[in-house]
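See below for the structure under consideration.
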Amino acid sequence: MTNTTQTEPMQTASGKINAGRYFENFRLNEVIQHATPRTITAGDAALYIALAGSRNPLHCSAPFAHALGYASTPIDDLLAFHIAFGKTVPDISVNAVANLGYADVRFLQPVFAGDTLATSSTVIGLKQNSSGKNGVVYVRSTTTNQNQQPVLSWVRWVMVHKKDLAAPAPETVIPALPAHVSAENLCVPQQFTARGFETRATGGTYFWEDYQVGERIDHPAGMTINESDHALATRLYQNNARLHFDNHMMQSSTFGKRLVYGGIVISACRTLSHEGLENALAILAINAGTHANPCFAGDTIYSFTEVLERWELPNRKDAGALRLRMVGIKNATPAEIAEIKPAGSYHPNVVLDLDYTVLMPRKGNQ
Amino acid sequence: MTNTTQTEPMQTASGKINAGRYFENFRLNEVIQHATPRTITAGDAALYIALAGSRNPLHCSAPFAHALGYASTPIDDLLAFHIAFGKTVPDISVNAVANLGYADVRFLQPVFAGDTLATSSTVIGLKQNSSGKNGVVYVRSTTTNQNQQPVLSWVRWVMVHKKDLAAPAPETVIPALPAHVSAENLCVPQQFTARGFETRATGGTYFWEDYQVGERIDHPAGMTINESDHALATRLYQNNARLHFDNHMMQSSTFGKRLVYGGIVISACRTLSHEGLENALAILAINAGTHANPCFAGDTIYSFTEVLERWELPNRKDAGALRLRMVGIKNATPAEIAEIKPAGSYHPNVVLDLDYTVLMPRKGNQ
Amino acid sequence: MTNTTQTEPMQTASGKINAGRYFENFRLNEVIQHATPRTITAGDAALYIALAGSRNPLHCSAPFAHALGYASTPIDDLLAFHIAFGKTVPDISVNAVANLGYADVRFLQPVFAGDTLATSSTVIGLKQNSSGKNGVVYVRSTTTNQNQQPVLSWVRWVMVHKKDLAAPAPETVIPALPAHVSAENLCVPQQFTARGFETRATGGTYFWEDYQVGERIDHPAGMTINESDHALATRLYQNNARLHFDNHMMQSSTFGKRLVYGGIVISACRTLSHEGLENALAILAINAGTHANPCFAGDTIYSFTEVLERWELPNRKDAGALRLRMVGIKNATPAEIAEIKPAGSYHPNVVLDLDYTVLMPRKGNQ
């Protein structure tokens, strides 16, 4: 996921301050255990509704979740992802020049209130840049629950400052990454069944079969991101990246103010896309994404969706997968933006271009 | 509840977007099941304290609730109401010209963490306006818990745009509505007893007998509504009316900015009225209400209360009912407003005029 | 804790409004039971993470808490303190000229979700000022849980307006207060053991032995306090002091705007101090503190810590205590402030000078 944020190298703190890893501190195949294990609670789930405005009944109605095979209400996929991701920030990206991308984000297990999430990362690639001043680090991060079951896995690559410019360049290793998570590799939650699904709980009457490849859905509503909205959410995720919180520091940045964490934009777009994708019950994968332009407090987010692929799922007739492109736009409706990439680069109002895959009930097996 | 908000008809969305019902789409006696059933949690209750500032011990102290006969802590009446109400927005008022009123709002059962609320509405009245461009729809909405017990019931009427101006006018039916919920029709929670009530938990020493009809109480404190405060609350209620969230759209409205959801104002006034009505433990009914002027982020809300009626309750001596008028004022204290309706219409600082009924312990049976 | 806030005496409210105690209403040895008992929930704990940004795993990871001997996850010490303190405001400080200080704040028991906190205060000192217009009231406040176990105890003194200037001055009694809570008087939670402590959960590798008396730690990050952030938190604590909420009133104060509750600043500094004090798992005492200058929404808080004392704890080798000075600074980094008290009085950017004591695992007994 490309992030246009450019920050200066953090000054080395003295004494007890952990200044984080610089490029020369990462070793291929090194495993990093991230701090701050987190037990998820009903409080987190309620806050996510208040922050993101989700109306997906799978995450707010116990009877609906039971009817779909779950023992209790799973938390929102993006809430789990943002919390899991937040843990990696102090070790991986605190000295980052830029967050360059995500890939192969797999949602492997639902997360329930009471589960404790812990995240670790393995360095799977390194490439020093020709300038010698920084390099790209590739990590695969895995989040497990208290039963050591993996619940999330993703690859991320970031450009990280070198501190010791004389440190030798490591051997260049660039991992092979899939363009998208294939249908065979999608994990539908084991307990999930769409047999008990009823459209009246979601308010949406369209099923997997009703979405056509190439179809575009302009989601009508917009949501303005207030300063406290994103600060509360980013703190809830225990993502301590200063550029979201520290206005004194950011006043002297090129932006002149705090940036909104990209995950907030993803959540806003996902909420807005409920109108038109009411039955997209779960996220199975995030294939790729770009934060094309920064988002600031006060911006109003709109979004549209394009259907990229429609996949049957192995061994099941009750539900299928849709690979979608979700585009986030600030301060303009989708109809007001003629071209997303007019001259090969993003329109200045485009804030997100996300390729992801959702689970949707099929008509046949209701 | 009159709402002065005037919005343009929503453009018909193409494809998968449910554009909501227009006037000609409502049929007398039609029953509409609203989406997004909601399981209430302790997280919702904590958020309500943070958002509304409630200090009613019935909703934040388990021992206090037990002493009053409840098996566990019920959630705030207004939290239940706002969540129940929010469900109706996409089906009833998304194409509304104006929310005209509420009546006969009855609180029938307490709601506890773990309960799942679902709302349905029946069309009980229709009247096309003489312009032929819109009409008034009357619905009775009922919210049930997971045991199919009704917990809330209310009548609401809204003026809704016609989309197909050539559609024939329906037969005019205007439902008979009570001026207020009578004492006989009030539902005191079955488990409730004031025998175990102690004033030290509420901090208020006045009982039902101490309030005189005609008495006015100026509540001293004010509360400023911040932008995130109301956006978080309205999202928590899963009320997706765009005019509260979408600043880009609202900049071109007559207001030039987002409106605060009227329920936020009711909650703020209820909180402020704690000083002087500390023992008004539960809301039994909302009889009528007017949102006299819009409220915006940054406004400071004050309120005063007039005692309209004092009713004994059938078959009980431990508690009685007070019918109250609660007036909300923005950016001025009650003392600063000489007349609420100086020339028959509301003073521009008046934001709420609510007629409601509360349950209060009696002196005799402590 | 000195608070520079000066407010005018509250006008006497008529009728049902409890105007609170004036100086002449306090009696030596009087015990005041404060209203609004509060059952703590997982919702409160989640909100505290979102509001304060805490990353202490003791309060967000059940397995970490279990490994340290707790039956479940205790809530953050400061969340407990702010809620306990909030209860005293309507009775003690509603007519205060100034909050003058705290002392001998002892954290006696951990607080868990499900616990109900109630606070009472005993008047332990009185001194009318020579002006005859006000006086200083000293109270010891104690918060108990539902099992009548004390969980928190502290002394606070406030200067309170007289309303009846003719009321006779009480005998002057000034209680003896310790300069700090001594090591023998610190209450380590009975169940606590550092035997199961692992640094990977906190992300910090420094133990009690690693901190030297006189050492200073400049915590690198800053956190901007947004208007909703502090209003939500202060409401969550059910602290109803108007100067934090009522912008209409505060516009005519010397500040011209709402003040941020001092507890918000303490929480922000504690969060920021996580970087450098990752293993300061619990607060055992607050010895003294000064809110040197007011804090307003929009201010960015930074902090540094000085190690004042390093104490062994009676009968335990697994953990020790550190007495710390935590200084909060607004809109400047610690490095940008040459002297905290340049001419004997605080630099205008200093907002907090807190003397407190934490529990930290020792190296020897891991």
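Identifiers in the structure tokens: chain A, B, ... in order shown; residue index from 1 per chain; ligand index from 1 in order shown.
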Interface residues on chain B facing chain C, 8 Å, only C-alpha atoms, written as an NGL selection string
:B and (42-47 or 49-57 or 60-64 or 200-204 or 206 or 217-224 or 226-229 or 275-277 or 300 or 331-332)
At a cut-off of 9 Å, using only C-alpha atoms, what residues contact Gln109 of chain B? Leave out same-chain residues fewer than 5 positions from it and give the result as a PDB file with N, CA and C atoms, in the first residue's frame.
```pdb
ATOM      1  N   GLN B 149     -40.411  -9.649  22.969  1.00  0.00           N
ATOM      2  CA  GLN B 149     -41.149  -8.737  23.845  1.00  0.00           C
ATOM      3  C   GLN B 149     -40.977  -7.314  23.336  1.00  0.00           C
ATOM      4  N   PRO B 150     -42.061  -6.551  23.242  1.00  0.00           N
ATOM      5  CA  PRO B 150     -41.913  -5.159  22.835  1.00  0.00           C
ATOM      6  C   PRO B 150     -41.199  -4.369  23.931  1.00  0.00           C
ATOM      7  N   VAL B 151     -40.205  -3.587  23.551  1.00  0.00           N
ATOM      8  CA  VAL B 151     -39.504  -2.765  24.544  1.00  0.00           C
ATOM      9  C   VAL B 151     -39.771  -1.274  24.330  1.00  0.00           C
ATOM     10  N   LEU B 152     -40.145  -0.919  23.114  1.00  0.00           N
ATOM     11  CA  LEU B 152     -40.415   0.479  22.788  1.00  0.00           C
ATOM     12  C   LEU B 152     -41.466   0.516  21.697  1.00  0.00           C
ATOM     13  N   CYS B 187     -46.014   2.105  31.433  1.00  0.00           N
ATOM     14  CA  CYS B 187     -45.493   0.801  31.836  1.00  0.00           C
ATOM     15  C   CYS B 187     -44.342   0.973  32.806  1.00  0.00           C
ATOM     16  N   VAL B 188     -44.599   0.798  34.072  1.00  0.00           N
ATOM     17  CA  VAL B 188     -43.488   0.760  35.020  1.00  0.00           C
ATOM     18  C   VAL B 188     -42.841  -0.622  34.877  1.00  0.00           C
ATOM     19  N   PRO B 189     -41.528  -0.662  34.774  1.00  0.00           N
ATOM     20  CA  PRO B 189     -40.888  -1.977  34.621  1.00  0.00           C
ATOM     21  C   PRO B 189     -41.369  -2.930  35.706  1.00  0.00           C
ATOM     22  N   GLN B 190     -41.713  -4.135  35.298  1.00  0.00           N
ATOM     23  CA  GLN B 190     -42.344  -5.110  36.189  1.00  0.00           C
ATOM     24  C   GLN B 190     -41.526  -5.355  37.453  1.00  0.00           C
TER      25      GLN B 190
END
```
What does the structure give for the distance between atom CA of Ala319 of chain B and atom CA of Ala103 of chain B, in Å to one decimal?
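Rounded to one decimal, the two atoms are 24.1 Å apart.
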Got a sec to tell me which of segment 40-268 of chain C DSSP assigns to alpha helix (DSSP H), as a VMD selection string?
chain C and resid 42 to 52 62 to 67 77 to 86 199 to 202 227 to 236 247 to 250 262 to 268
Near Lys127 of chain A, within 7 Å and counting only C-alpha atoms, which residues show up once chain neighbours fewer than 6 positions away are dropped, as a PDB file with all heavy atoms, in the first residue's frame?
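New file out_32.pdb:
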```pdb
ATOM      1  N   GLY A 135      16.570   1.892   2.649  1.00  0.00           N
ATOM      2  CA  GLY A 135      16.351   0.642   1.945  1.00  0.00           C
ATOM      3  C   GLY A 135      14.939   0.153   2.208  1.00  0.00           C
ATOM      4  O   GLY A 135      14.232   0.685   3.069  1.00  0.00           O
ATOM      5  N   VAL A 136      14.552  -0.853   1.438  1.00  0.00           N
ATOM      6  CA  VAL A 136      13.209  -1.399   1.570  1.00  0.00           C
ATOM      7  C   VAL A 136      13.278  -2.693   2.380  1.00  0.00           C
ATOM      8  O   VAL A 136      14.119  -3.562   2.110  1.00  0.00           O
ATOM      9  CB  VAL A 136      12.578  -1.649   0.189  1.00  0.00           C
ATOM     10  CG1 VAL A 136      11.176  -2.227   0.331  1.00  0.00           C
ATOM     11  CG2 VAL A 136      12.552  -0.355  -0.619  1.00  0.00           C
ATOM     12  N   VAL A 137      12.391  -2.775   3.383  1.00  0.00           N
ATOM     13  CA  VAL A 137      12.284  -3.971   4.227  1.00  0.00           C
ATOM     14  C   VAL A 137      10.929  -4.609   3.950  1.00  0.00           C
ATOM     15  O   VAL A 137       9.907  -3.920   3.983  1.00  0.00           O
ATOM     16  CB  VAL A 137      12.388  -3.598   5.726  1.00  0.00           C
ATOM     17  CG1 VAL A 137      12.256  -4.833   6.601  1.00  0.00           C
ATOM     18  CG2 VAL A 137      13.688  -2.861   6.013  1.00  0.00           C
ATOM     19  N   THR A 172      20.526  -8.392  -1.620  1.00  0.00           N
ATOM     20  CA  THR A 172      19.163  -8.040  -2.024  1.00  0.00           C
ATOM     21  C   THR A 172      18.310  -9.295  -2.174  1.00  0.00           C
ATOM     22  O   THR A 172      18.685 -10.225  -2.899  1.00  0.00           O
ATOM     23  CB  THR A 172      19.171  -7.267  -3.354  1.00  0.00           C
ATOM     24  OG1 THR A 172      19.815  -6.011  -3.138  1.00  0.00           O
ATOM     25  CG2 THR A 172      17.754  -7.033  -3.866  1.00  0.00           C
ATOM     26  N   VAL A 173      17.210  -9.294  -1.434  1.00  0.00           N
ATOM     27  CA  VAL A 173      16.234 -10.394  -1.556  1.00  0.00           C
ATOM     28  C   VAL A 173      14.863  -9.761  -1.677  1.00  0.00           C
ATOM     29  O   VAL A 173      14.443  -9.013  -0.789  1.00  0.00           O
ATOM     30  CB  VAL A 173      16.270 -11.324  -0.312  1.00  0.00           C
ATOM     31  CG1 VAL A 173      15.157 -12.361  -0.397  1.00  0.00           C
ATOM     32  CG2 VAL A 173      17.625 -11.977  -0.179  1.00  0.00           C
TER      33      VAL A 173
END
```
Between A:Lys163, A:Thr305, A:Tyr70, A:Val351, which residue has the minimum interatomic distance to Lys133 of chain A, considering only C-alpha atoms?
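Ranked by minimum distance to Lys133 of chain A, first place goes to A:Lys163.
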Identify all residues of segment 103-276 of chain A in strand (DSSP E or B) (DSSP on the backbone) and supply them as a VMD selection string.
chain A and resid 103 to 107 112 116 to 128 134 to 144 150 to 161 173 216 to 224
Pick out the residues sitting within 12 Å of Ala292 of chain A, and hand them over as a PyMOL selection string; count only C-alpha atoms, and ignore anything fewer than 5 positions along from it in its own chain.
chain A and resi 1-5+99-101+262+265+327-330+340-341+344-354
Go ahead and write the selection's residues with C-alpha atoms as an mmCIF file, in the first residue's frame.
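Dumped everything to selection.cif:
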```
data_model
loop_
_atom_site.group_PDB
_atom_site.id
_atom_site.type_symbol
_atom_site.label_atom_id
_atom_site.label_comp_id
_atom_site.auth_asym_id
_atom_site.auth_seq_id
_atom_site.Cartn_x
_atom_site.Cartn_y
_atom_site.Cartn_z
ATOM 1 C CA MET A 1 0.000 0.000 0.000
ATOM 2 C CA THR A 2 1.792 3.110 -1.159
ATOM 3 C CA ASN A 3 1.798 5.890 1.361
ATOM 4 C CA THR A 4 3.020 9.258 0.221
ATOM 5 C CA THR A 5 4.132 10.265 3.714
ATOM 6 C CA ASN A 99 4.959 2.775 3.762
ATOM 7 C CA LEU A 100 5.205 1.314 0.270
ATOM 8 C CA GLY A 101 2.668 -1.446 0.146
ATOM 9 C CA GLY A 262 -4.801 5.239 6.306
ATOM 10 C CA VAL A 265 -9.942 5.852 5.371
ATOM 11 C CA VAL A 327 -11.825 3.792 -4.428
ATOM 12 C CA GLY A 328 -11.923 6.489 -1.750
ATOM 13 C CA ILE A 329 -12.323 10.139 -2.729
ATOM 14 C CA LYS A 330 -12.102 13.196 -0.534
ATOM 15 C CA ILE A 340 -9.222 8.517 -11.123
ATOM 16 C CA LYS A 341 -5.816 8.490 -12.795
ATOM 17 C CA GLY A 344 -1.295 8.001 -15.087
ATOM 18 C CA SER A 345 -1.105 9.415 -11.601
ATOM 19 C CA TYR A 346 -3.925 9.760 -9.142
ATOM 20 C CA HIS A 347 -6.366 12.652 -9.142
ATOM 21 C CA PRO A 348 -5.564 14.815 -6.079
ATOM 22 C CA ASN A 349 -8.911 13.977 -4.467
ATOM 23 C CA VAL A 350 -8.333 10.223 -4.588
ATOM 24 C CA VAL A 351 -7.233 8.956 -1.183
ATOM 25 C CA LEU A 352 -7.553 5.183 -1.528
ATOM 26 C CA ASP A 353 -7.413 2.542 -4.237
ATOM 27 C CA LEU A 354 -7.943 -0.806 -2.554
#
```
